[in-house]
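Novice: Below is the file structure_13.cif, with mmCIF, C-alpha atoms and all ligand atoms.
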data_my_file
#
loop_
_atom_site.label_atom_id
_atom_site.label_comp_id
_atom_site.auth_asym_id
_atom_site.auth_seq_id
_atom_site.Cartn_x
_atom_site.Cartn_y
_atom_site.Cartn_z
CA MET A 1 9.07 -9.34 -12.68
CA LEU A 2 8.84 -5.76 -13.97
CA TYR A 3 10.22 -4.52 -10.65
CA ASP A 4 13.10 -7.03 -10.74
CA THR A 5 14.19 -5.67 -14.12
CA SER A 6 13.70 -2.06 -13.05
CA LYS A 7 15.67 -2.71 -9.86
CA LYS A 8 18.71 -3.89 -11.81
CA ILE A 9 18.75 -0.55 -13.65
CA LEU A 10 17.84 1.57 -10.62
CA PHE A 11 20.55 0.01 -8.45
CA ARG A 12 23.18 1.16 -10.97
CA LEU A 13 22.17 4.77 -10.28
CA ASP A 14 23.10 6.90 -7.30
CA PRO A 15 20.50 5.97 -4.61
CA GLU A 16 18.86 9.38 -4.40
CA ARG A 17 18.66 9.66 -8.18
CA ALA A 18 17.19 6.14 -8.34
CA HIS A 19 14.58 7.20 -5.80
CA ASP A 20 13.53 10.17 -7.97
CA VAL A 21 13.52 8.12 -11.18
CA ALA A 22 11.47 5.31 -9.59
CA LEU A 23 8.82 7.68 -8.25
CA TRP A 24 8.68 9.58 -11.53
CA GLY A 25 8.28 6.27 -13.41
CA LEU A 26 5.56 5.11 -11.04
CA LYS A 27 3.67 8.36 -11.48
CA HIS A 28 3.79 8.16 -15.26
CA LEU A 29 2.86 4.49 -15.38
CA ASN A 30 -0.07 5.26 -13.11
CA ALA A 31 -1.16 8.17 -15.32
CA CYS A 32 -1.16 5.71 -18.26
CA GLY A 33 -3.46 3.36 -16.33
CA PHE A 34 -0.81 0.83 -15.31
CA SER A 35 -0.62 -0.27 -11.72
CA PHE A 36 1.74 -2.85 -10.21
CA ASN A 37 -0.91 -4.28 -7.91
CA LYS A 38 -3.95 -3.73 -10.10
CA ASN A 39 -7.06 -5.59 -8.89
CA THR A 40 -5.10 -7.02 -6.01
CA ILE A 41 -5.62 -4.37 -3.36
CA VAL A 42 -6.15 -6.38 -0.19
CA ASN A 43 -9.41 -5.59 1.53
CA ASN A 44 -9.01 -6.19 5.24
CA PRO A 45 -10.96 -3.38 6.93
CA SER A 46 -9.44 -2.34 10.24
CA ASN A 47 -10.31 0.36 12.73
CA VAL A 48 -7.35 1.96 14.49
CA MET A 49 -7.11 5.38 16.21
CA GLY A 50 -10.78 5.85 15.29
CA LEU A 51 -9.98 5.63 11.56
CA SER A 52 -11.04 3.00 9.02
CA PHE A 53 -8.14 1.47 7.07
CA ARG A 54 -8.74 -0.73 4.01
CA ASN A 55 -5.80 -2.87 5.15
CA LYS A 56 -3.03 -2.66 7.73
CA VAL A 57 -0.07 -1.91 5.49
CA GLY A 58 1.08 1.69 5.17
CA LEU A 59 3.84 3.66 3.51
CA ALA A 60 6.32 5.02 6.07
CA ALA A 61 7.21 8.70 6.19
CA GLY A 62 10.09 10.00 4.10
CA LEU A 63 9.37 8.42 0.72
CA ASP A 64 6.79 11.00 -0.36
CA LYS A 65 7.91 13.98 1.67
CA ASN A 66 5.91 16.54 -0.31
CA GLY A 67 2.77 14.67 -1.35
CA ASP A 68 3.85 14.60 -5.00
CA PHE A 69 3.01 10.92 -5.54
CA ILE A 70 -0.17 10.27 -3.55
CA ASN A 71 -2.27 8.82 -6.39
CA SER A 72 0.42 6.46 -7.68
CA LEU A 73 1.44 5.27 -4.22
CA GLN A 74 -2.18 4.59 -3.32
CA SER A 75 -2.45 2.44 -6.43
CA LEU A 76 0.17 0.08 -4.95
CA GLY A 77 -2.50 -1.06 -2.49
CA PHE A 78 -1.42 0.65 0.71
CA GLY A 79 -4.07 1.00 3.40
CA PHE A 80 -2.52 4.29 4.40
CA ILE A 81 0.19 6.69 3.36
CA GLU A 82 2.23 8.83 5.71
CA LEU A 83 3.49 11.96 3.94
CA GLY A 84 6.38 14.15 5.16
CA THR A 85 8.29 14.86 7.23
CA VAL A 86 7.23 18.37 6.38
CA THR A 87 8.49 21.54 8.05
CA PRO A 88 7.01 25.07 8.19
CA LYS A 89 9.45 26.48 5.62
CA PRO A 90 10.99 24.67 2.62
CA GLN A 91 14.58 23.49 3.19
CA VAL A 92 17.20 21.71 1.11
CA GLY A 93 18.46 19.21 3.68
CA ASN A 94 22.05 18.05 4.09
CA PRO A 95 24.70 18.09 1.35
CA LYS A 96 24.79 15.15 -1.07
CA PRO A 97 25.63 12.30 -1.07
CA ARG A 98 23.29 11.58 1.82
CA LEU A 99 21.64 8.25 0.97
CA PHE A 100 23.60 4.97 0.85
CA ARG A 101 22.71 1.36 0.06
CA ILE A 102 23.98 -1.69 1.90
CA PRO A 103 22.66 -4.34 -0.51
CA GLU A 104 24.18 -7.35 1.30
CA ALA A 105 21.91 -6.61 4.26
CA GLU A 106 19.04 -5.01 2.33
CA ALA A 107 19.63 -1.89 4.39
CA LEU A 108 20.01 1.86 3.84
CA VAL A 109 21.75 4.69 5.63
CA ASN A 110 20.30 8.16 5.16
CA ARG A 111 21.14 11.62 6.43
CA LEU A 112 18.76 13.58 4.23
CA GLY A 113 17.88 16.08 6.97
CA PHE A 114 14.21 16.83 6.24
CA ASN A 115 14.65 18.07 2.67
CA ASN A 116 11.14 19.20 1.78
CA LYS A 117 9.18 21.89 -0.04
CA GLY A 118 7.42 23.21 3.07
CA VAL A 119 3.99 22.63 4.54
CA ASP A 120 2.09 24.98 2.19
CA TYR A 121 3.29 23.05 -0.87
CA LEU A 122 2.30 19.73 0.70
CA ILE A 123 -1.18 21.03 1.50
CA ASP A 124 -1.73 21.96 -2.15
CA ARG A 125 -0.62 18.49 -3.25
CA VAL A 126 -2.96 16.73 -0.84
CA LYS A 127 -5.86 18.93 -1.93
CA SER A 128 -5.32 18.10 -5.59
CA SER A 129 -4.94 14.34 -5.07
CA ASN A 130 -7.62 11.67 -5.49
CA ARG A 131 -7.18 10.22 -2.07
CA ASN A 132 -8.71 6.83 -1.41
CA ALA A 133 -6.50 5.63 1.44
CA VAL A 134 -5.97 7.07 4.90
CA ILE A 135 -3.49 9.98 4.75
CA GLY A 136 -1.18 10.68 7.67
CA ILE A 137 1.00 13.79 7.71
CA ASN A 138 4.30 13.64 9.56
CA ILE A 139 5.51 17.00 10.88
CA GLY A 140 8.88 18.27 12.09
CA LYS A 141 10.91 21.39 12.71
CA ASN A 142 13.14 23.45 10.42
CA LYS A 143 16.89 23.11 10.81
CA THR A 144 17.24 26.83 11.59
CA THR A 145 14.68 26.76 14.40
CA PRO A 146 16.45 26.46 17.77
CA ILE A 147 15.41 23.32 19.64
CA GLU A 148 13.90 25.48 22.45
CA ASP A 149 11.46 26.87 19.86
CA ALA A 150 10.64 23.54 18.21
CA HIS A 151 7.10 23.62 19.62
CA HIS A 152 6.35 26.67 17.44
CA ASP A 153 7.22 24.71 14.29
CA TYR A 154 5.11 21.72 15.31
CA GLU A 155 2.23 24.06 16.16
CA HIS A 156 2.57 25.86 12.82
CA CYS A 157 2.43 22.59 10.87
CA LEU A 158 -0.32 21.11 13.03
CA ARG A 159 -2.57 24.11 12.45
CA LYS A 160 -1.91 23.98 8.69
CA VAL A 161 -2.57 20.27 8.18
CA TYR A 162 -5.22 19.71 10.84
CA THR A 163 -8.32 19.60 8.66
CA LEU A 164 -6.62 17.82 5.74
CA ALA A 165 -4.80 14.97 7.47
CA ASP A 166 -6.61 11.87 8.67
CA TYR A 167 -3.95 11.60 11.37
CA ILE A 168 -0.83 13.56 12.24
CA THR A 169 2.54 12.18 13.36
CA ILE A 170 4.88 14.22 15.53
CA ASN A 171 8.38 13.25 14.46
CA ILE A 172 10.80 13.63 17.36
CA SER A 173 13.12 10.83 16.32
CA SER A 174 14.97 11.72 13.13
CA PRO A 175 18.73 11.46 13.77
CA ASN A 176 19.51 13.93 10.99
CA THR A 177 18.25 17.16 12.55
CA GLU A 178 20.52 18.35 15.32
CA ASN A 179 19.11 17.70 18.82
CA LEU A 180 15.71 16.62 17.51
CA ARG A 181 15.93 13.39 19.46
CA SER A 182 16.38 15.33 22.70
CA LEU A 183 12.64 16.07 22.43
CA GLN A 184 12.13 12.45 23.50
CA GLU A 185 13.64 13.21 26.92
CA SER A 186 11.08 13.37 29.69
CA ALA A 187 10.98 17.11 30.53
CA ASN A 188 11.19 18.22 26.87
CA LEU A 189 8.63 15.65 25.81
CA HIS A 190 6.12 16.68 28.46
CA MET A 191 6.55 20.33 27.51
CA LEU A 192 6.11 19.63 23.80
CA LEU A 193 3.17 17.26 24.11
CA LYS A 194 1.42 19.54 26.58
CA HIS A 195 1.77 22.43 24.13
CA ILE A 196 0.48 20.34 21.23
CA SER A 197 -2.44 19.00 23.26
CA VAL A 198 -3.53 22.56 24.11
CA VAL A 199 -3.32 23.56 20.44
CA ARG A 200 -5.24 20.44 19.45
CA GLU A 201 -8.01 21.34 21.88
CA THR A 202 -8.42 24.76 20.30
CA LEU A 203 -8.42 23.19 16.85
CA ARG A 204 -11.03 20.70 17.97
CA ASN A 205 -13.26 23.52 19.21
CA THR A 206 -12.78 25.50 16.00
CA HIS A 207 -13.32 22.64 13.56
CA GLY A 208 -15.56 20.34 15.61
CA VAL A 209 -13.33 17.34 14.99
CA MET A 210 -10.61 15.64 17.03
CA LYS A 211 -7.80 14.37 14.77
CA PRO A 212 -5.67 11.45 15.99
CA ILE A 213 -2.06 12.33 16.74
CA ALA A 214 0.77 9.77 16.92
CA ILE A 215 4.35 10.19 18.16
CA LYS A 216 7.23 8.69 16.16
CA ILE A 217 10.06 7.34 18.28
CA ALA A 218 13.61 6.09 17.82
CA PRO A 219 14.67 2.47 18.24
CA ASP A 220 17.58 3.56 20.42
CA LEU A 221 15.59 4.25 23.59
CA ASP A 222 16.17 2.31 26.82
CA ASP A 223 13.42 0.88 29.01
CA PHE A 224 13.24 3.95 31.23
CA GLU A 225 12.90 6.26 28.22
CA LEU A 226 10.18 4.05 26.74
CA GLU A 227 8.23 4.20 30.00
CA ASN A 228 8.47 7.99 29.92
CA ILE A 229 7.18 8.08 26.34
CA VAL A 230 4.19 5.90 27.19
CA ASP A 231 3.50 7.98 30.28
CA ALA A 232 3.56 11.25 28.28
CA VAL A 233 1.44 9.85 25.46
CA ARG A 234 -1.14 8.72 28.04
CA THR A 235 -1.03 11.94 30.04
CA TYR A 236 -1.78 14.17 27.07
CA GLY A 237 -4.23 11.83 25.34
CA PHE A 238 -2.27 11.11 22.16
CA ASN A 239 -3.53 8.27 19.99
CA GLY A 240 -0.64 6.18 18.72
CA ILE A 241 3.09 5.49 18.69
CA VAL A 242 4.94 4.98 15.40
CA SER A 243 7.72 2.60 16.29
CA THR A 244 10.36 3.02 14.97
CA ASN A 245 12.45 5.52 13.06
CA THR A 246 15.98 4.64 11.88
CA THR A 247 18.78 3.71 14.30
CA ILE A 248 22.05 5.51 14.93
CA GLN A 249 23.57 2.34 16.34
CA ARG A 250 25.56 -0.04 14.13
CA PRO A 251 25.91 -3.81 14.30
CA ASN A 252 29.44 -5.13 14.41
CA LYS A 253 29.67 -6.01 10.72
CA ASN A 254 32.12 -5.16 8.02
CA LEU A 255 29.88 -3.75 5.30
CA LYS A 256 30.45 -0.96 2.84
CA ASN A 257 28.56 2.25 3.79
CA LEU A 258 27.63 0.95 7.25
CA SER A 259 29.85 3.55 8.89
CA GLU A 260 28.28 6.46 7.00
CA THR A 261 26.70 8.98 9.40
CA GLY A 262 22.92 8.87 9.51
CA GLY A 263 19.99 6.61 10.29
CA LEU A 264 20.16 2.93 9.47
CA SER A 265 17.02 1.19 8.15
CA GLY A 266 16.05 -2.07 6.49
CA GLY A 267 17.40 -5.52 7.28
CA LEU A 268 19.74 -4.33 10.03
CA LEU A 269 16.86 -2.71 11.93
CA THR A 270 14.23 -5.45 11.80
CA GLN A 271 14.82 -7.15 15.14
CA LYS A 272 15.67 -4.01 17.04
CA SER A 273 12.42 -2.30 16.10
CA THR A 274 10.35 -5.44 16.77
CA LYS A 275 11.84 -5.59 20.28
CA ILE A 276 10.81 -1.98 20.92
CA ILE A 277 7.27 -2.78 19.72
CA GLN A 278 7.15 -5.76 22.08
CA LYS A 279 8.27 -3.60 25.01
CA LEU A 280 5.75 -0.87 24.15
CA SER A 281 3.06 -3.47 23.89
CA ASN A 282 3.92 -4.83 27.35
CA LEU A 283 3.84 -1.30 28.76
CA THR A 284 0.59 -0.24 27.11
CA GLN A 285 -1.28 -3.56 27.26
CA GLY A 286 -3.05 -2.64 24.04
CA SER A 287 -4.29 0.73 25.33
CA ILE A 288 -2.30 2.77 22.78
CA PRO A 289 -2.16 1.64 19.13
CA ILE A 290 1.34 0.94 17.83
CA ILE A 291 2.26 1.45 14.17
CA GLY A 292 5.12 -1.00 13.61
CA VAL A 293 7.87 0.01 11.21
CA GLY A 294 11.50 -0.97 10.76
CA GLY A 295 13.07 -3.53 8.49
CA ILE A 296 9.98 -5.26 7.15
CA LEU A 297 11.37 -7.12 4.13
CA THR A 298 9.05 -10.15 4.06
CA SER A 299 5.48 -10.98 5.00
CA GLN A 300 6.89 -12.90 7.98
CA ASP A 301 8.58 -9.70 9.21
CA ALA A 302 5.18 -7.98 8.98
CA LEU A 303 3.53 -10.78 10.97
CA ASP A 304 6.31 -10.57 13.58
CA LYS A 305 5.51 -6.87 14.09
CA ILE A 306 1.78 -7.63 14.41
CA ASN A 307 2.49 -10.51 16.81
CA ALA A 308 4.71 -8.20 18.87
CA GLY A 309 1.72 -5.88 19.31
CA ALA A 310 1.51 -3.57 16.29
CA SER A 311 -2.00 -2.66 15.09
CA LEU A 312 -0.72 -1.43 11.71
CA ILE A 313 2.61 -1.66 9.91
CA GLN A 314 4.60 0.57 7.53
CA LEU A 315 7.20 -0.06 4.84
CA TYR A 316 10.05 1.96 3.41
CA SER A 317 13.37 0.16 2.81
CA GLY A 318 11.54 -3.10 2.01
CA LEU A 319 9.80 -1.35 -0.86
CA ILE A 320 13.19 -0.38 -2.33
CA TYR A 321 14.64 -3.89 -2.05
CA LYS A 322 11.55 -6.04 -2.74
CA GLY A 323 9.31 -3.79 -4.84
CA PRO A 324 5.57 -3.14 -4.78
CA LYS A 325 4.69 -6.84 -4.41
CA LEU A 326 5.71 -6.57 -0.76
CA VAL A 327 2.67 -4.38 -0.04
CA LYS A 328 0.27 -7.06 -1.22
CA ASP A 329 2.24 -9.92 0.36
CA CYS A 330 2.22 -8.25 3.78
CA ALA A 331 -1.44 -7.19 3.62
CA GLN A 332 -2.49 -10.68 2.54
CA ALA A 333 -0.42 -12.45 5.20
CA ILE A 334 -1.82 -10.22 7.95
CA SER A 335 -5.36 -10.66 6.72
CA GLN A 336 -5.02 -14.45 6.51
CA ALA A 337 -3.47 -14.69 9.97
CA GLU A 338 -6.40 -12.90 11.60
CA VAL A 339 -8.91 -15.17 13.29
CA PRO A 340 -12.41 -14.17 12.12
CA GLY A 341 -14.39 -12.43 14.85
CA LYS A 342 -11.35 -11.82 17.03
C1 LIG B 401 15.68 7.69 2.81
C2 LIG B 401 14.83 7.72 4.05
C3 LIG B 401 14.19 8.91 4.41
C4 LIG B 401 13.39 8.94 5.56
N1 LIG B 401 12.76 10.10 5.90
C5 LIG B 401 11.94 10.13 6.98
C6 LIG B 401 11.23 11.31 7.32
O1 LIG B 401 11.30 12.33 6.64
N2 LIG B 401 10.45 11.26 8.42
C7 LIG B 401 10.31 10.15 9.21
O2 LIG B 401 9.57 10.16 10.18
N3 LIG B 401 10.97 9.00 8.88
C8 LIG B 401 11.77 8.98 7.81
N4 LIG B 401 12.44 7.82 7.49
C9 LIG B 401 12.30 6.65 8.37
C10 LIG B 401 11.24 5.68 7.84
O3 LIG B 401 9.96 6.26 7.84
C11 LIG B 401 11.20 4.41 8.73
O4 LIG B 401 10.79 4.76 10.03
C12 LIG B 401 12.55 3.72 8.82
O5 LIG B 401 13.23 3.79 7.60
C13 LIG B 401 12.42 2.26 9.22
O6 LIG B 401 11.65 1.55 8.30
P1 LIG B 401 12.29 0.66 7.10
O7 LIG B 401 13.36 -0.20 7.72
O8 LIG B 401 11.14 -0.10 6.54
O9 LIG B 401 12.88 1.64 6.13
C14 LIG B 401 13.24 7.77 6.36
C15 LIG B 401 13.88 6.59 5.97
C16 LIG B 401 14.66 6.55 4.83
C17 LIG B 401 15.33 5.26 4.45
#
Could you take the file, read its structure, and then write that structure out as structure tokens?
Specialist:
Amino acid sequence: MLYDTSKKILFRLDPERAHDVALWGLKHLNACGFSFNKNTIVNNPSNVMGLSFRNKVGLAAGLDKNGDFINSLQSLGFGFIELGTVTPKPQVGNPKPRLFRIPEAEALVNRLGFNNKGVDYLIDRVKSSNRNAVIGINIGKNKTTPIEDAHHDYEHCLRKVYTLADYITINISSPNTENLRSLQESANLHMLLKHISVVRETLRNTHGVMKPIAIKIAPDLDDFELENIVDAVRTYGFNGIVSTNTTIQRPNKNLKNLSETGGLSGGLLTQKSTKIIQKLSNLTQGSIPIIGVGGILTSQDALDKINAGASLIQLYSGLIYKGPKLVKDCAQAISQAEVPGK
């Protein structure tokens, strides 16, 4: 109810401004002791990638890029929160406007371009939060770093966040950083993942702990490319695949903002990302956990992702269109659908 009223006001604002206002409001409501999902945090303990999650519904990367809203987002009942994408140095991202709504399809197009305050800022925010959910940190490369040197940026961020993050996601699938998606190609991917696995080994020896690392992929990959991803993830012992990021493809529909450059998310991504999850699940036969994300707008969408083979799910656009109630609805539906003892 409160979200429905707020949404009417928020949707009159420019989308990026609405995003800032909504998060600011959430933070202040939380500081005053108000929580949208108070006393209704779904308890459905799950073990994935060696981590214990209080439920299977997470916040997708990109909403809290800098870790500024950890406490208030946790209070919405998420089982986990993926912060970032964060890069070694702060950067402003692409020129505005760079975020567009397509309300008829409950979809968004964004070309933000990894606007973030840099990894050191994010670390401070995580340290000063009262974390009570699993925290993932999604890492990327700076715009000014040539793609051939991308591994240095991932290494820099990995070293910085290693002890703080519960898991780390390597983002090689944003469409808004030039050539980033080429890191998903077989030779580049093997080079990058090999490099990261060597760094992880040294970090494991130094800190005595092995942190799970997931790879975030695009929904625009063909079967051959998906096989290569699974092969590389297996070869270098990575622990999960976040599937999927936004799509650069467009359905044949006549909708305002659909032709804006950037990544499409929400209702026009739902089926595409579920298909990728299904294919990954067939390829991995359950051996690599899949975090299902892309166009979850209802609890049925969440169940479809789980039934396609996802071990956990994440929300972004659905939260904008449906509000915080979606977190509880999805977590409850997943919990109820699970057969006890299975
Ligand atoms: C405005 C916006 C910003 C995003 N920023 C990031 C990001 O920084 N890193 C990332 O890995 N994914 C980012 N994403 C992608 C989401 O995490 C998610 O994979 C995608 O939107 C599909 O989920 P959805 O349909 O539920 O939004 C962003 C998405 C949106 C809409």
Novice: Can you write out as a tab-separated table which residues of chain A fall within 7 Å of ligand LIG 401 (chain B), alongside each residue's closest atom pair and its distance in Å to one decimal, counting only C-alpha atoms and all ligand atoms and ordering rows by chain and ascending residue number?
Specialist:
residue	atom	partner	partner_atom	distance
A:Ala60	CA	B:LIG401	O3	4.2
A:Ala61	CA	B:LIG401	O3	4.0
A:Gly62	CA	B:LIG401	N1	3.2
A:Leu63	CA	B:LIG401	C3	6.1
A:Lys65	CA	B:LIG401	O1	6.2
A:Gly84	CA	B:LIG401	O1	5.5
A:Thr85	CA	B:LIG401	O1	4.0
A:Leu99	CA	B:LIG401	C1	6.3
A:Leu108	CA	B:LIG401	C17	5.8
A:Val109	CA	B:LIG401	C17	6.6
A:Asn110	CA	B:LIG401	C1	5.2
A:Leu112	CA	B:LIG401	C3	6.5
A:Phe114	CA	B:LIG401	O1	5.4
A:Asn138	CA	B:LIG401	O2	6.3
A:Asn171	CA	B:LIG401	O2	5.4
A:Ser174	CA	B:LIG401	C7	6.3
A:Lys216	CA	B:LIG401	O2	6.6
A:Thr244	CA	B:LIG401	O4	5.3
A:Asn245	CA	B:LIG401	O4	3.5
A:Thr246	CA	B:LIG401	C12	4.7
A:Ser265	CA	B:LIG401	O7	3.9
A:Gly266	CA	B:LIG401	O7	3.5
A:Gly267	CA	B:LIG401	O7	6.7
A:Leu269	CA	B:LIG401	O7	6.0
A:Thr270	CA	B:LIG401	O7	6.7
A:Val293	CA	B:LIG401	O6	5.0
A:Gly294	CA	B:LIG401	O6	3.5
A:Gly295	CA	B:LIG401	O7	3.4
A:Ile296	CA	B:LIG401	O8	5.3
A:Gln314	CA	B:LIG401	O8	6.6
A:Leu315	CA	B:LIG401	O8	4.3
A:Tyr316	CA	B:LIG401	O8	3.9
A:Ser317	CA	B:LIG401	O9	3.7
A:Gly318	CA	B:LIG401	O8	5.4
Novice: Given only C-alpha atoms as the basis, pick out the residue of A:Arg111, A:Lys275, A:His19, A:Ser281 nearest to Ser311 of chain A.
Specialist: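 So, comparing all the options, the nearest one is A:Ser281.
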Novice: Find, counting only C-alpha atoms, the residue in A:Met49, A:Lys143, A:Phe78, A:Ile217 that gets nearest to Val92 of chain A.
Specialist: A:Lys143
Novice: Compare A:Arg250, A:Pro90, A:Ile41, A:Gly140 by their minimum atom-to-atom distance to Leu268 of chain A, counting only C-alpha atoms, and give me the closest one.
Specialist: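 Closest to Leu268 of chain A, using only C-alpha atoms: A:Arg250.
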Novice: Choose the residue, out of A:Leu164, A:Met210, A:Ile70, A:Val86, that has the smallest atom-to-atom separation from Arg131 of chain A; count all atoms listed in the file.
Specialist: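 Of the candidates, the smallest distance to Arg131 of chain A is held by A:Ile70.
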Novice: In the coordinate frame of the file, compute which residues have an atom within 9 Å of (24.2, 13.8, -2.6) when using only C-alpha atoms, and state them as a PDB file with C-alpha atoms, keeping the file's coordinate frame.
Specialist:
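Generated output (selection.pdb):
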ATOM      1  CA  ASP A  14      23.100   6.900  -7.300  1.00  0.00           C
ATOM      2  CA  PRO A  15      20.500   5.970  -4.610  1.00  0.00           C
ATOM      3  CA  GLU A  16      18.860   9.380  -4.400  1.00  0.00           C
ATOM      4  CA  ARG A  17      18.660   9.660  -8.180  1.00  0.00           C
ATOM      5  CA  ASN A  94      22.050  18.050   4.090  1.00  0.00           C
ATOM      6  CA  PRO A  95      24.700  18.090   1.350  1.00  0.00           C
ATOM      7  CA  LYS A  96      24.790  15.150  -1.070  1.00  0.00           C
ATOM      8  CA  PRO A  97      25.630  12.300  -1.070  1.00  0.00           C
ATOM      9  CA  ARG A  98      23.290  11.580   1.820  1.00  0.00           C
ATOM     10  CA  LEU A  99      21.640   8.250   0.970  1.00  0.00           C
ATOM     11  CA  LEU A 112      18.760  13.580   4.230  1.00  0.00           C
TER      12      LEU A 112
END
Novice: Quick check, in Å to one decimal: how far apart do atom CA of Tyr167 of chain A and atom CA of Pro212 of chain A lie?
Specialist: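 One can read the atom CA of Tyr167 of chain A to atom CA of Pro212 of chain A distance as 4.9 Å.
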Novice: What does the distance between atom CA of Asn130 of chain A and atom CA of Glu201 of chain A come to in Å, to one decimal place?
Specialist: 29.0 Å
Novice: Would you give me, as a tab-separated table, each residue of segment 193-277 of chain A having an atom within 12 Å of an atom of segment 133-136 of chain A, along with its shortest atom pair and that distance in Å to one decimal, using only C-alpha atoms and sorting by chain and residue number?
Specialist:
residue	atom	partner	partner_atom	distance
A:Lys211	CA	A:Gly136	CA	10.4
A:Pro212	CA	A:Gly136	CA	9.5
A:Ile213	CA	A:Gly136	CA	9.3
A:Ala214	CA	A:Gly136	CA	9.5
A:Ile215	CA	A:Gly136	CA	11.9
A:Gly240	CA	A:Gly136	CA	11.9
A:Val242	CA	A:Gly136	CA	11.4
Novice: I'd like the interatomic distance between atom CA of Leu122 of chain A and atom CA of His152 of chain A, to a tenth of an Å.
Specialist: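 About the pair atom CA of Leu122 of chain A and atom CA of His152 of chain A: they are 18.6 Å apart.
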Novice: Which protein, DNA or RNA residues are at most 10 Å from (-9.0, 21.6, 17.4) in the file's coordinates when you count all atoms listed in the file, listed as a list in words?
Specialist: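 Here the neighbourhood of the point contains Leu158, Arg159, Tyr162, Thr163, Ser197, Val198, Val199, Arg200, Glu201, Thr202, Leu203, Arg204, Asn205, Thr206, His207, Gly208, Val209, Met210 and Lys211 of chain A.
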Novice: How would the residues just chosen look if you wrote them out with C-alpha atoms as an mmCIF file, in the frame of the given file?
Specialist:
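Output file result.cif follows:
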data_model
loop_
_atom_site.group_PDB
_atom_site.id
_atom_site.type_symbol
_atom_site.label_atom_id
_atom_site.label_comp_id
_atom_site.auth_asym_id
_atom_site.auth_seq_id
_atom_site.Cartn_x
_atom_site.Cartn_y
_atom_site.Cartn_z
ATOM 1 C CA LEU A 158 -0.320 21.110 13.030
ATOM 2 C CA ARG A 159 -2.570 24.110 12.450
ATOM 3 C CA TYR A 162 -5.220 19.710 10.840
ATOM 4 C CA THR A 163 -8.320 19.600 8.660
ATOM 5 C CA SER A 197 -2.440 19.000 23.260
ATOM 6 C CA VAL A 198 -3.530 22.560 24.110
ATOM 7 C CA VAL A 199 -3.320 23.560 20.440
ATOM 8 C CA ARG A 200 -5.240 20.440 19.450
ATOM 9 C CA GLU A 201 -8.010 21.340 21.880
ATOM 10 C CA THR A 202 -8.420 24.760 20.300
ATOM 11 C CA LEU A 203 -8.420 23.190 16.850
ATOM 12 C CA ARG A 204 -11.030 20.700 17.970
ATOM 13 C CA ASN A 205 -13.260 23.520 19.210
ATOM 14 C CA THR A 206 -12.780 25.500 16.000
ATOM 15 C CA HIS A 207 -13.320 22.640 13.560
ATOM 16 C CA GLY A 208 -15.560 20.340 15.610
ATOM 17 C CA VAL A 209 -13.330 17.340 14.990
ATOM 18 C CA MET A 210 -10.610 15.640 17.030
ATOM 19 C CA LYS A 211 -7.800 14.370 14.770
#
